[in-house]
Structure formats: structure tokens, C-alpha cells
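Worksheet for the structure shown next.
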Amino acid sequence: MFFSSGFRIMSTVSMEPLLHHSVRESVRYALKSRIFKPSSWSCSTNHKLVFHARSFCNFRSSNVHALRASTTTDTDLVETLESTDIFFKETFPLKRMETVEGKIFIRLDHGQNNGNWQLTVGCNLPGKWILHWGISRVKYVGSEWDQPPEEMRPRGSIPIKDYAIETPLKKSSSSEGDALHEVKIDLIPTSAIAAINFVLKDEETGAWYQHRGRDFKVPLADYLLDDGALGPLSNLLIKAEVSPANDSESSNESREAKKKGRSLEGFYEEQPIAKQVAFDNSVTVSVRKCPETAKNLLYVETDLPGDVFIHWGVCRDDTKTWEIPDAPHPPETISFRDKALQTRLQPKEIGDGCCGLFTIEEGLQGFLFVLKLNKGTWLNCMGNDFYIPLSRSSSLLAKSRQGLSGSAQILEKNAEEKEEASLSAYTSGIINNIRSLVSDISSEKTRKNKSKEAQESILQEIEKLAAEAYSIFRSSIPTFLEEPIVDTEEPIAPAKISSGTGTGFEILCQGFNWESHKSGRWYMELKERASELSSLGFTVIWLPPPTESISPEGYMPRDLYNLNSRYGNVDQLKEVVKTFHEVGIKTLGDAVLNHRCAHYQNQNGVWNIFGGHIKWDDRAVVADDPHFQGKGNKSSGDNFHAAPNIDHSQDFVRKDLREWLCWLRKEIGYDGWRLDFVRGFWGGYVKDYLEASAPLFAVGEYWDSLSYTYGEMDHNQDGHRQRIIDWINATNGTAAAFDVTTKGILHSALERCEYWRLSDQKGKPPGVVGWWPSRAVTFIENHDTGSTQGHWRFPGGKEMQGYTYILTHPGTPTVFYDHIFSHYRSEIAALISVRNRNEIHCRSTVKITKAERDVYAAIVGEKVAMKIGPGHYEPSGPQRWSLAAEGKDYKVWETS
């Protein structure tokens, strides 16, 4: 799962009669807590918009006398409407969400003291806005975020752990109305601050807003003054990508300005922003009996804006089975898939909104309807259709709370598709705000520099003990014991080292993308390709999250023991796992342990009460996440703001999760785990879970921001890979981790033609694979970075260079599903064949022979040579090399 930036949601809304004095605000609360309950998205969850219907009547304006009837009979009905007694009248509240667009602005100008500068960040949308910000310091490598000096913090600021500040935006004194909010930060020239980093948070919805999936970064100085004071200010807001050329030009301009004595002008930048805003409306329905015709006159009136359509029908008994009434029907009425009638409500002649008048034949039990807005928003009543009784003896309260029955159940499949589209949009917006949250890295500054001699040899059997030693010898220099160089032609024995470490020869396939859930039968599609994946050389497949989830992709789990997901049902899951085992491929389950979506609200309306097989209350939620009012202990990691963060320090929580993982191993047959968002809780808890469930292989997703200076990636990423190593240490070495460091460095090296980045200061691979290769799971793309999300897409056209690197190097390589079944298929297959044929494993040695601007080359395990980049390289030495694979800007050789 990846943190996402702004989001858009197709709205579906629940309503409840005012009569009951308990209007449900599940939609608003769902937005606040970012937990989308099926009951809150009623129309899409229970019955899409195909409604069994059968009878409807006519309507026009709220001024009854102004209604234009199409027939004499209709005119008579209008004239008698006011004279008859109303036997039913009800007003239903409507809550709808609408996307409102605005802007975030960033302005840098002179403060009240012309010797200083002032940074202003603002937003012109309504909301409770919070600036989550920090600073980058001069000459400090390894941290993008740190807390600013006390004198820079505006009044009302609150420290967040020890790396950031949160400052509320206040209404601008220079603006009219309540929309414009801003915060001003006075910059201190003597503070040696390189840049200010920030994201904007809407406290009402919990949404985080960034720039193209990256933190906003405002550079502040070129530091031309010898005393380190704040130099000329850049007139650029650093975007997600800044070319070295542009960065250099900006720096040169600043220097020229300094030499000429000119004062550099400030800047003003705007970024578009969109948020969902809740609006309150209502619909009123009244029913009268016409004494002359004995027909029911039903009047619908609403203040909803724009075009409003009513899908309607009638029912004859308590089953509420929709029927379409016989003609004639009101004007602008069409049949909707032969299940209902759809009629456009008419604009009122007086006032805003629209209305309609319907005549209903006698002998019918009730009138059923739902409303549709012109933007595709459907409104219903508490998850069910609106039900209006057509006789005095009918009970609205009892009937309005009943679920769908009879032929209405035919619509459930369509409803699920509607929910899928709705939640996917939200889940996509909401998915870009969360991955971009900053990590707590300031503790690096307090570490003492200690050196540690590399161990001359470590046998596989004592790796677990070595991992335990890492936590004792923590330092800012790699806190790991370097792995032994195995000088032998024989492969490492496939003996089990410790839980979760595998054999060393795994080649992992990610078996899904961001859209896979949409087919509804993904497990069966994978089953059909099991033999094909085996023949390509894959030994492990990573399957999507299996549990019932609020989000269709599976990363917002609710009932952990409910394994009927959008990818297929539990029986299909068992079947696909069994099939992969038959072709020799192990399976990894995607386990989301950091957070869980609640089933119920507490007395304050907060979603933090859990149902299903594992029933927890708010003690299972961490105490320091303000969104979910947990009563547990403080979080042992970084909070995931879209759902309640689980408190793993609680004994009952760990017990339940251990039992669940063991149950999955036994019931489904999973061989191991891919662990989602492990940055959110201490790795020691992972050790507990892995020792209990004894997986053959496990990998954690520890996603962290790399180090950048003025928008350009630093060459030294030791701080980044050290944090991943620290997490692996905390697990006692029982789990591997995705090598995000290697992915990031490959990005920059290939995109900028800076292949020198692929060698660190000691001549080793610069990622986790260079320090602890047996625990490094390398990759270039996954469902978050690629697919339709594209949060951090690998440089286009250079994917095969990336795969050449990870498939020839140590570590455990992962190939993304989209790339396997693409035009890269044959090239990927050739590289996997080279790896298997030459027995490259996770601890193979690497000798970097060239790392220059336009070419990188290495010899791996003495049997394989490779090069990537447009530059020239040919392997030399006593071996006889033959070309084994080649493509655009890459070649691989093997000894004959």
C-alpha cells in the first residue's frame, strides 16, 4: 500500500427519517476516519441502480396550483390535492458529498523586517487546515525533515515526535468570507536552513495533500555568505522533479544576483486542490387520498440542486417487491432496464429545487424510490430504498428498516460494481496522500559513530544469532554484520536458516496489479497461468490481500477471517494456492497487520469497535492517533492515518494475530507473508508473529523517503538503507525487506544517465543488497509505483535495464505482473534463465568493474558479467565469455 495525495469520491449516501431523531452521519464520519463502511455507501453496497419498480405518478412544482397537468384527470387531481387530508408526510435528511476545487498557494516575500523573509502557505477551500512541516539543515546529510528553531514556529504550533511541526492555518485577515486560510512563517537568516518541507492536512477529512506524490519543498538559500547566514532565496518552488541543469541555472542566477548586489524577488506559486465537501439537503414526501377517485396523490419535493431523477416503483405486499405500474406514466419517464421507472423531477416555479406529483392506483401497499443526481450520485434511506406507505395502517418505521427482498436482490451484483468504482476512486485519491508521509529519521543525529570489523565467515546456521547482535552494535555506520563471501562453486544448501529467510534461490513474482480486483475472478485467472509462470522460472508468487476489505484492493481489511474478497471467494483462493503448489511455486499471503477498519462506532461516533471473528474494542487502537480515540498504548511506529492503527503491545492483539496467521497457513496453505506497512509498528512484534506462524519466506514493506538536497537525490543513501536494516534487525533477521533504496537509486541513475550512482563509497551496491543481500528483496515496480496508480513509475523504456540489474545481482528479485505479461516477457525470461543456470543466489558476490556516467558493469559470482547503460563495456580476464542476453542498453555474459 502506498500513501496517496488528494482524492476524489463518487458519492453514495445514507439517509434516515427525521422522525427518528437519530440522523445517521456515517458518510461524514467515514470521511473523517477514512473508513468507508458498506452501510455508509448504501446504494452501491446493497442495490445498485437498477431498481425493481412498478408504479409511479406525476409531479411538477411545489406550488401545487401552478402544476401543469397533461390531462383533465390530472388537473382534477391537482385541484383536489389541497382539500384532501394528508395521512402521511415525512422529511428525510439527505447528505451528499461534492467535489470542490480550489488551490494551495505558496508565497515567499519580505517580512515586516526587510532583512528577513516570510513564507506564507494558504488554501482557499473551506476546512480545518493543518500545515505539517519541517526543515532541512545545511551540511546535514541523511535527513529531509527536522524541527525548526523555536523562534520560527508560529503561535499554536504543536511538535510531532521529533521531526516535524503542525501549525493550524488561520483565516486570512485580508480576505473576504471564510474560505481563505493561511499561515506565515518568519525565516531566521542565522539558522542555516536549506529548505522547508511541508504537506497540507485537512483535519476534517484526514486527507493529506502533496505535489504529485511528493512533499512540497521550498529551497531557502544558496549559502554564499562565509558566516553561513541565509543567502539569496531561490525563486522556484521545487517540484517532484528538478533537472540538474535547471537547478544549476537557478544557483548561477542567485550567485549573479549576489555579485550585482540585487535583492532577489520572492515568488508566488499555486497548486490545484480538490476536496469532498458535505452538503445537507432533504426530500419531503406527502401522501393524500383523493375522495373522488380513491387514488393516492403522492407529492415529492426536494431542495437538491441540478437535475434530479427518481427511480421508482410500487409494491403490493410486505415483501417490497418492485413492480412497474401500467401506463400512463408522468412526462419525462422512461423504463429503466425493465426493473423500474425513471422520471426527471421538474424545477419548482417558486424557490430552488424540484418536485413531482404522482397518482397511484388503489390496492397497492407502498411506493418505493431512490434518487439520482446528475453527477451519478445515488441517495437512498439507511442503505435501503425509500418506502412510503400508501394506507393509513402501514407502519413507516418498521418497513423503512427492512432490507431488500424478493426480486430486488437481483441488483446486488450491480451494486457491488457501483461501490467498487466509488471506493476505488477514493482509495486511489486517498492512496497517493498516505505513502508520501515523512518518516521519523532524526534519531540518526544522536547515534555515535562506531566501526565494526567485518566477520570473516558466517555460516547460515548462525545468521539468527548475528541478527541479535545488530541491535547491540547500533551505529550510524552500517549496523549489520557483513555476510560471508562463499568461495565455492557449490550453491548454498537449501537448508532452512530461520523462519522467513527462504533458501536463497527464490525468484518472486508479484501476482497482481492495482486493477486486478475488478475482474471478480482474479484467483481463477492466476490459476490458468500457474504452469506458465512456473515454466518462466518463478519459485514464489505474492498473492493479493485475501480478506474482506473496505477498499476493493484489499488494503483496508475489516473481518480478517472473512476471505471472500474482490479477487475471489475462499474456495477459489484455496484452489489457486493448491495449483501453484502443484507446479512448484510457493505462495505469499499479503498480510495487513498495521491497521484494521472497524465495524461499529463508539459513543462519540468514532469508528473504533471491531466485530467479526476477532472482536476488539478501542483498547486495540493506539492512543496517539487523534482520528480514532484509541485507549491502547502509544504507537511503536508511524501512524497510518486512513484507519485505526492497531496497538501490537497489547497481549490480546498479538495472540489473536498469531492465531490468525497460523490459521491462514493451515487453512489456505500459504507458505509465507508479504507484510504491509511495517513502518507502523516495531519489528520485534513481527518476530513474534513469524516465529509463531513459521513461514518459509517473509518480506516487509518498509517504505521510507530517500535523501535529497535541493530536489536532487544524494549520492550517499546510507541513512536510508540503514533504517531498513534497523527494521530487519528488530525482527531478529526473521524477515527480509523490500530494497526501496536500490529502486530509488536505479531510478535516478537510469533517468539522469548517472550510472556512477550504482556504486557506494566502498565500491559495493548502494542499496540494502550491498549490506545485507540475503534480506534484500529487490524490485523496480509494484502495484503502488506502477500499474494505473503510477506513484513512482520506473523510467519509461528502461525497465529492462532495471531487471538486468536485479536479476543478475544478489538479493531476492521480484518481477511485477504487468511486466511479465507484456512485450518484455521474453527478455525477462532470458534473464531468469541466466540466473538459474548460473545458480545466482541471494548471497552471490558482486565485483563492480565499472561505474561511470554512462555505464555500469559488474561480475557476479565469477560466472556472470553484465552491463547496463549506453556506454561500452566488454568483460575480460582468463574466462571465456559468451553473450547470454542483450537488449537496448544492456548485455549479460556467462562463462562457457
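Going by the C-alpha cells order, chains are called A, B, ..., each with residues numbered from 1, while ligands are numbered from 1 in the order shown.
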Stretch 765-769 of chain A surroundings by only C-alpha atoms, 9 Å radius, close-in-sequence under 2 positions cut, as a PyMOL selection string: chain A and resi 715-718+720-722+724-725+737-745+757-763+771-778+809-811+842-843+846+848
Contacts of stretch 585-590 of chain A within 7 Å, only C-alpha atoms, excl. fewer than 5 positions in-chain, as an mmCIF file with N, CA and C atoms, in the first residue's frame:
```
data_model
loop_
_atom_site.group_PDB
_atom_site.id
_atom_site.type_symbol
_atom_site.label_atom_id
_atom_site.label_comp_id
_atom_site.auth_asym_id
_atom_site.auth_seq_id
_atom_site.Cartn_x
_atom_site.Cartn_y
_atom_site.Cartn_z
ATOM 1 N N SER A 534 5.504 -20.979 -13.770
ATOM 2 C CA SER A 534 6.497 -21.961 -13.346
ATOM 3 C C SER A 534 7.527 -22.201 -14.438
ATOM 4 N N PHE A 538 9.835 -18.808 -12.089
ATOM 5 C CA PHE A 538 9.469 -18.240 -10.795
ATOM 6 C C PHE A 538 9.290 -19.352 -9.763
ATOM 7 N N THR A 539 9.712 -19.055 -8.538
ATOM 8 C CA THR A 539 9.595 -20.039 -7.458
ATOM 9 C C THR A 539 8.622 -19.603 -6.375
ATOM 10 N N VAL A 540 8.274 -18.323 -6.333
ATOM 11 C CA VAL A 540 7.365 -17.781 -5.318
ATOM 12 C C VAL A 540 6.429 -16.787 -5.985
ATOM 13 N N ILE A 541 5.154 -16.806 -5.598
ATOM 14 C CA ILE A 541 4.216 -15.796 -6.090
ATOM 15 C C ILE A 541 3.586 -15.084 -4.903
ATOM 16 N N TRP A 542 3.531 -13.767 -5.017
ATOM 17 C CA TRP A 542 2.918 -12.919 -3.986
ATOM 18 C C TRP A 542 1.478 -12.652 -4.423
ATOM 19 N N LEU A 543 0.540 -13.183 -3.628
ATOM 20 C CA LEU A 543 -0.884 -13.048 -3.917
ATOM 21 C C LEU A 543 -1.457 -11.795 -3.250
ATOM 22 N N PRO A 544 -2.570 -11.255 -3.753
ATOM 23 C CA PRO A 544 -3.141 -10.022 -3.187
ATOM 24 C C PRO A 544 -3.752 -10.256 -1.809
ATOM 25 N N PRO A 545 -4.060 -9.171 -1.080
ATOM 26 C CA PRO A 545 -4.668 -9.313 0.256
ATOM 27 C C PRO A 545 -5.960 -10.125 0.180
ATOM 28 N N VAL A 577 -3.958 -21.596 -4.613
ATOM 29 C CA VAL A 577 -2.767 -21.942 -3.828
ATOM 30 C C VAL A 577 -2.376 -23.390 -4.100
ATOM 31 N N PHE A 580 -0.696 -23.689 -7.555
ATOM 32 C CA PHE A 580 0.693 -23.221 -7.577
ATOM 33 C C PHE A 580 1.619 -24.220 -6.891
ATOM 34 N N TYR A 670 -0.859 -20.984 2.651
ATOM 35 C CA TYR A 670 0.199 -20.017 2.370
ATOM 36 C C TYR A 670 1.546 -20.533 2.892
ATOM 37 N N ASP A 671 2.610 -20.202 2.130
ATOM 38 C CA ASP A 671 3.965 -20.589 2.555
ATOM 39 C C ASP A 671 4.696 -19.452 3.245
ATOM 40 N N GLY A 672 4.192 -18.261 3.145
ATOM 41 C CA GLY A 672 4.862 -17.126 3.765
ATOM 42 C C GLY A 672 4.044 -15.867 3.624
ATOM 43 N N TRP A 673 4.698 -14.729 3.934
ATOM 44 C CA TRP A 673 3.965 -13.467 4.017
ATOM 45 C C TRP A 673 4.681 -12.343 3.297
ATOM 46 N N ARG A 674 3.882 -11.480 2.715
ATOM 47 C CA ARG A 674 4.303 -10.123 2.382
ATOM 48 C C ARG A 674 3.601 -9.244 3.399
ATOM 49 N N LEU A 675 4.349 -8.483 4.188
ATOM 50 C CA LEU A 675 3.798 -7.718 5.298
ATOM 51 C C LEU A 675 3.668 -6.250 4.896
ATOM 52 N N ASP A 676 2.455 -5.737 4.979
ATOM 53 C CA ASP A 676 2.156 -4.383 4.526
ATOM 54 C C ASP A 676 2.495 -3.347 5.596
#
```
Which of stretch 728-886 of chain A fall in strand (DSSP E), as a ChimeraX atom specification: /A:736-738,776-778,812-816,846-851,856-860,864-868,881-886
Using N, CA, C and O atoms, can you write the selected residues to a file as a CSV table (one decimal), in the first residue's frame?
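part_15.csv, freshly written:
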```csv
chain,number,residue,atom,x,y,z
A,736,ALA,N,12.9,-10.6,5.5
A,736,ALA,CA,13.5,-9.7,4.6
A,736,ALA,C,12.7,-8.4,4.4
A,736,ALA,O,11.7,-8.2,5.0
A,737,ALA,N,13.3,-7.5,3.6
A,737,ALA,CA,12.6,-6.2,3.4
A,737,ALA,C,12.8,-5.8,1.9
A,737,ALA,O,13.8,-6.1,1.3
A,738,PHE,N,11.8,-5.1,1.4
A,738,PHE,CA,11.9,-4.6,0.0
A,738,PHE,C,13.0,-3.6,0.0
A,738,PHE,O,13.1,-2.7,0.8
A,776,ALA,N,17.5,-8.6,1.4
A,776,ALA,CA,17.1,-7.6,0.4
A,776,ALA,C,16.2,-8.2,-0.7
A,776,ALA,O,16.7,-9.1,-1.4
A,777,VAL,N,15.0,-7.8,-0.8
A,777,VAL,CA,14.1,-8.2,-1.8
A,777,VAL,C,14.0,-7.0,-2.8
A,777,VAL,O,13.5,-6.0,-2.6
A,778,THR,N,14.7,-7.2,-4.0
A,778,THR,CA,14.8,-6.1,-4.9
A,778,THR,C,13.7,-6.1,-5.9
A,778,THR,O,13.0,-7.1,-6.2
A,812,THR,N,16.9,-11.1,-3.4
A,812,THR,CA,15.8,-11.9,-3.9
A,812,THR,C,15.0,-11.0,-4.9
A,812,THR,O,14.3,-10.0,-4.5
A,813,PRO,N,15.1,-11.2,-6.2
A,813,PRO,CA,14.5,-10.3,-7.2
A,813,PRO,C,13.0,-10.5,-7.3
A,813,PRO,O,12.5,-11.7,-7.1
A,814,THR,N,12.3,-9.5,-7.5
A,814,THR,CA,10.8,-9.5,-7.7
A,814,THR,C,10.5,-8.9,-9.1
A,814,THR,O,11.0,-7.8,-9.4
A,815,VAL,N,9.6,-9.6,-9.8
A,815,VAL,CA,9.2,-9.1,-11.1
A,815,VAL,C,7.7,-8.8,-11.0
A,815,VAL,O,6.9,-9.6,-10.5
A,816,PHE,N,7.3,-7.6,-11.5
A,816,PHE,CA,6.0,-7.2,-11.5
A,816,PHE,C,5.1,-7.8,-12.5
A,816,PHE,O,5.5,-8.1,-13.7
A,846,VAL,N,29.6,-9.8,-5.7
A,846,VAL,CA,29.5,-8.8,-6.7
A,846,VAL,C,30.8,-8.0,-6.8
A,846,VAL,O,31.3,-7.5,-5.8
A,847,LYS,N,31.4,-8.0,-8.0
A,847,LYS,CA,32.6,-7.1,-8.2
A,847,LYS,C,32.3,-6.1,-9.2
A,847,LYS,O,32.1,-6.4,-10.4
A,848,ILE,N,32.1,-4.9,-8.8
A,848,ILE,CA,31.8,-3.8,-9.7
A,848,ILE,C,33.0,-3.4,-10.5
A,848,ILE,O,34.1,-3.0,-9.9
A,849,THR,N,33.0,-3.6,-11.8
A,849,THR,CA,34.1,-3.3,-12.6
A,849,THR,C,34.1,-1.9,-13.3
A,849,THR,O,35.1,-1.4,-13.8
A,850,LYS,N,32.9,-1.3,-13.4
A,850,LYS,CA,32.8,0.0,-14.0
A,850,LYS,C,31.5,0.7,-13.5
A,850,LYS,O,30.4,0.1,-13.4
A,851,ALA,N,31.7,1.9,-13.0
A,851,ALA,CA,30.5,2.7,-12.6
A,851,ALA,C,30.8,4.1,-13.0
A,851,ALA,O,31.4,4.9,-12.2
A,856,TYR,N,27.4,1.0,-16.2
A,856,TYR,CA,27.7,0.3,-15.0
A,856,TYR,C,27.9,-1.2,-15.4
A,856,TYR,O,27.1,-1.7,-16.2
A,857,ALA,N,28.9,-1.8,-14.8
A,857,ALA,CA,29.2,-3.2,-15.2
A,857,ALA,C,29.7,-3.9,-13.9
A,857,ALA,O,30.3,-3.3,-13.0
A,858,ALA,N,29.4,-5.2,-13.9
A,858,ALA,CA,29.8,-6.0,-12.7
A,858,ALA,C,30.0,-7.4,-13.1
A,858,ALA,O,29.4,-7.9,-14.1
A,859,ILE,N,30.7,-8.1,-12.3
A,859,ILE,CA,30.9,-9.6,-12.4
A,859,ILE,C,30.2,-10.2,-11.2
A,859,ILE,O,30.6,-9.8,-10.0
A,860,VAL,N,29.3,-11.1,-11.3
A,860,VAL,CA,28.5,-11.6,-10.2
A,860,VAL,C,28.9,-13.1,-10.1
A,860,VAL,O,28.7,-13.9,-11.1
A,864,VAL,N,29.0,-14.8,-14.1
A,864,VAL,CA,28.1,-13.9,-14.9
A,864,VAL,C,28.7,-12.5,-15.0
A,864,VAL,O,29.1,-12.0,-13.9
A,865,ALA,N,28.7,-11.9,-16.1
A,865,ALA,CA,29.1,-10.5,-16.3
A,865,ALA,C,27.9,-9.7,-16.9
A,865,ALA,O,27.2,-10.3,-17.7
A,866,MET,N,27.8,-8.5,-16.5
A,866,MET,CA,26.7,-7.7,-17.0
A,866,MET,C,27.0,-6.3,-17.1
A,866,MET,O,28.0,-5.8,-16.5
A,867,LYS,N,26.3,-5.6,-18.0
A,867,LYS,CA,26.5,-4.1,-18.1
A,867,LYS,C,25.1,-3.5,-18.5
A,867,LYS,O,24.3,-4.1,-19.2
A,868,ILE,N,24.9,-2.3,-17.9
A,868,ILE,CA,23.7,-1.5,-18.3
A,868,ILE,C,24.2,-0.1,-18.6
A,868,ILE,O,25.2,0.4,-18.1
A,881,TRP,N,34.1,-15.6,-22.2
A,881,TRP,CA,32.7,-15.1,-22.0
A,881,TRP,C,31.9,-15.2,-23.3
A,881,TRP,O,32.4,-14.9,-24.4
A,882,SER,N,30.7,-15.6,-23.1
A,882,SER,CA,29.8,-15.7,-24.3
A,882,SER,C,28.5,-14.9,-24.0
A,882,SER,O,28.0,-14.9,-22.8
A,883,LEU,N,28.0,-14.2,-25.0
A,883,LEU,CA,26.8,-13.4,-24.7
A,883,LEU,C,25.6,-14.3,-24.5
A,883,LEU,O,25.3,-15.2,-25.2
A,884,ALA,N,24.9,-14.0,-23.3
A,884,ALA,CA,23.8,-14.8,-22.9
A,884,ALA,C,22.4,-14.1,-23.1
A,884,ALA,O,21.4,-14.7,-23.3
A,885,ALA,N,22.4,-12.8,-23.0
A,885,ALA,CA,21.2,-12.0,-23.2
A,885,ALA,C,21.6,-10.5,-23.5
A,885,ALA,O,22.6,-10.0,-23.0
A,886,GLU,N,20.8,-9.9,-24.3
A,886,GLU,CA,21.1,-8.5,-24.6
A,886,GLU,C,19.8,-7.8,-25.1
A,886,GLU,O,18.8,-8.5,-25.5
```
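Counting only C-alpha atoms, the residue from A:Lys201, A:Lys103, A:Lys89, A:Lys295 that sits nearest to A:Lys128 is A:Lys201.
In this structure, atom CA of A:Asp571 sits 21.6 Å away from atom CA of A:Met556.
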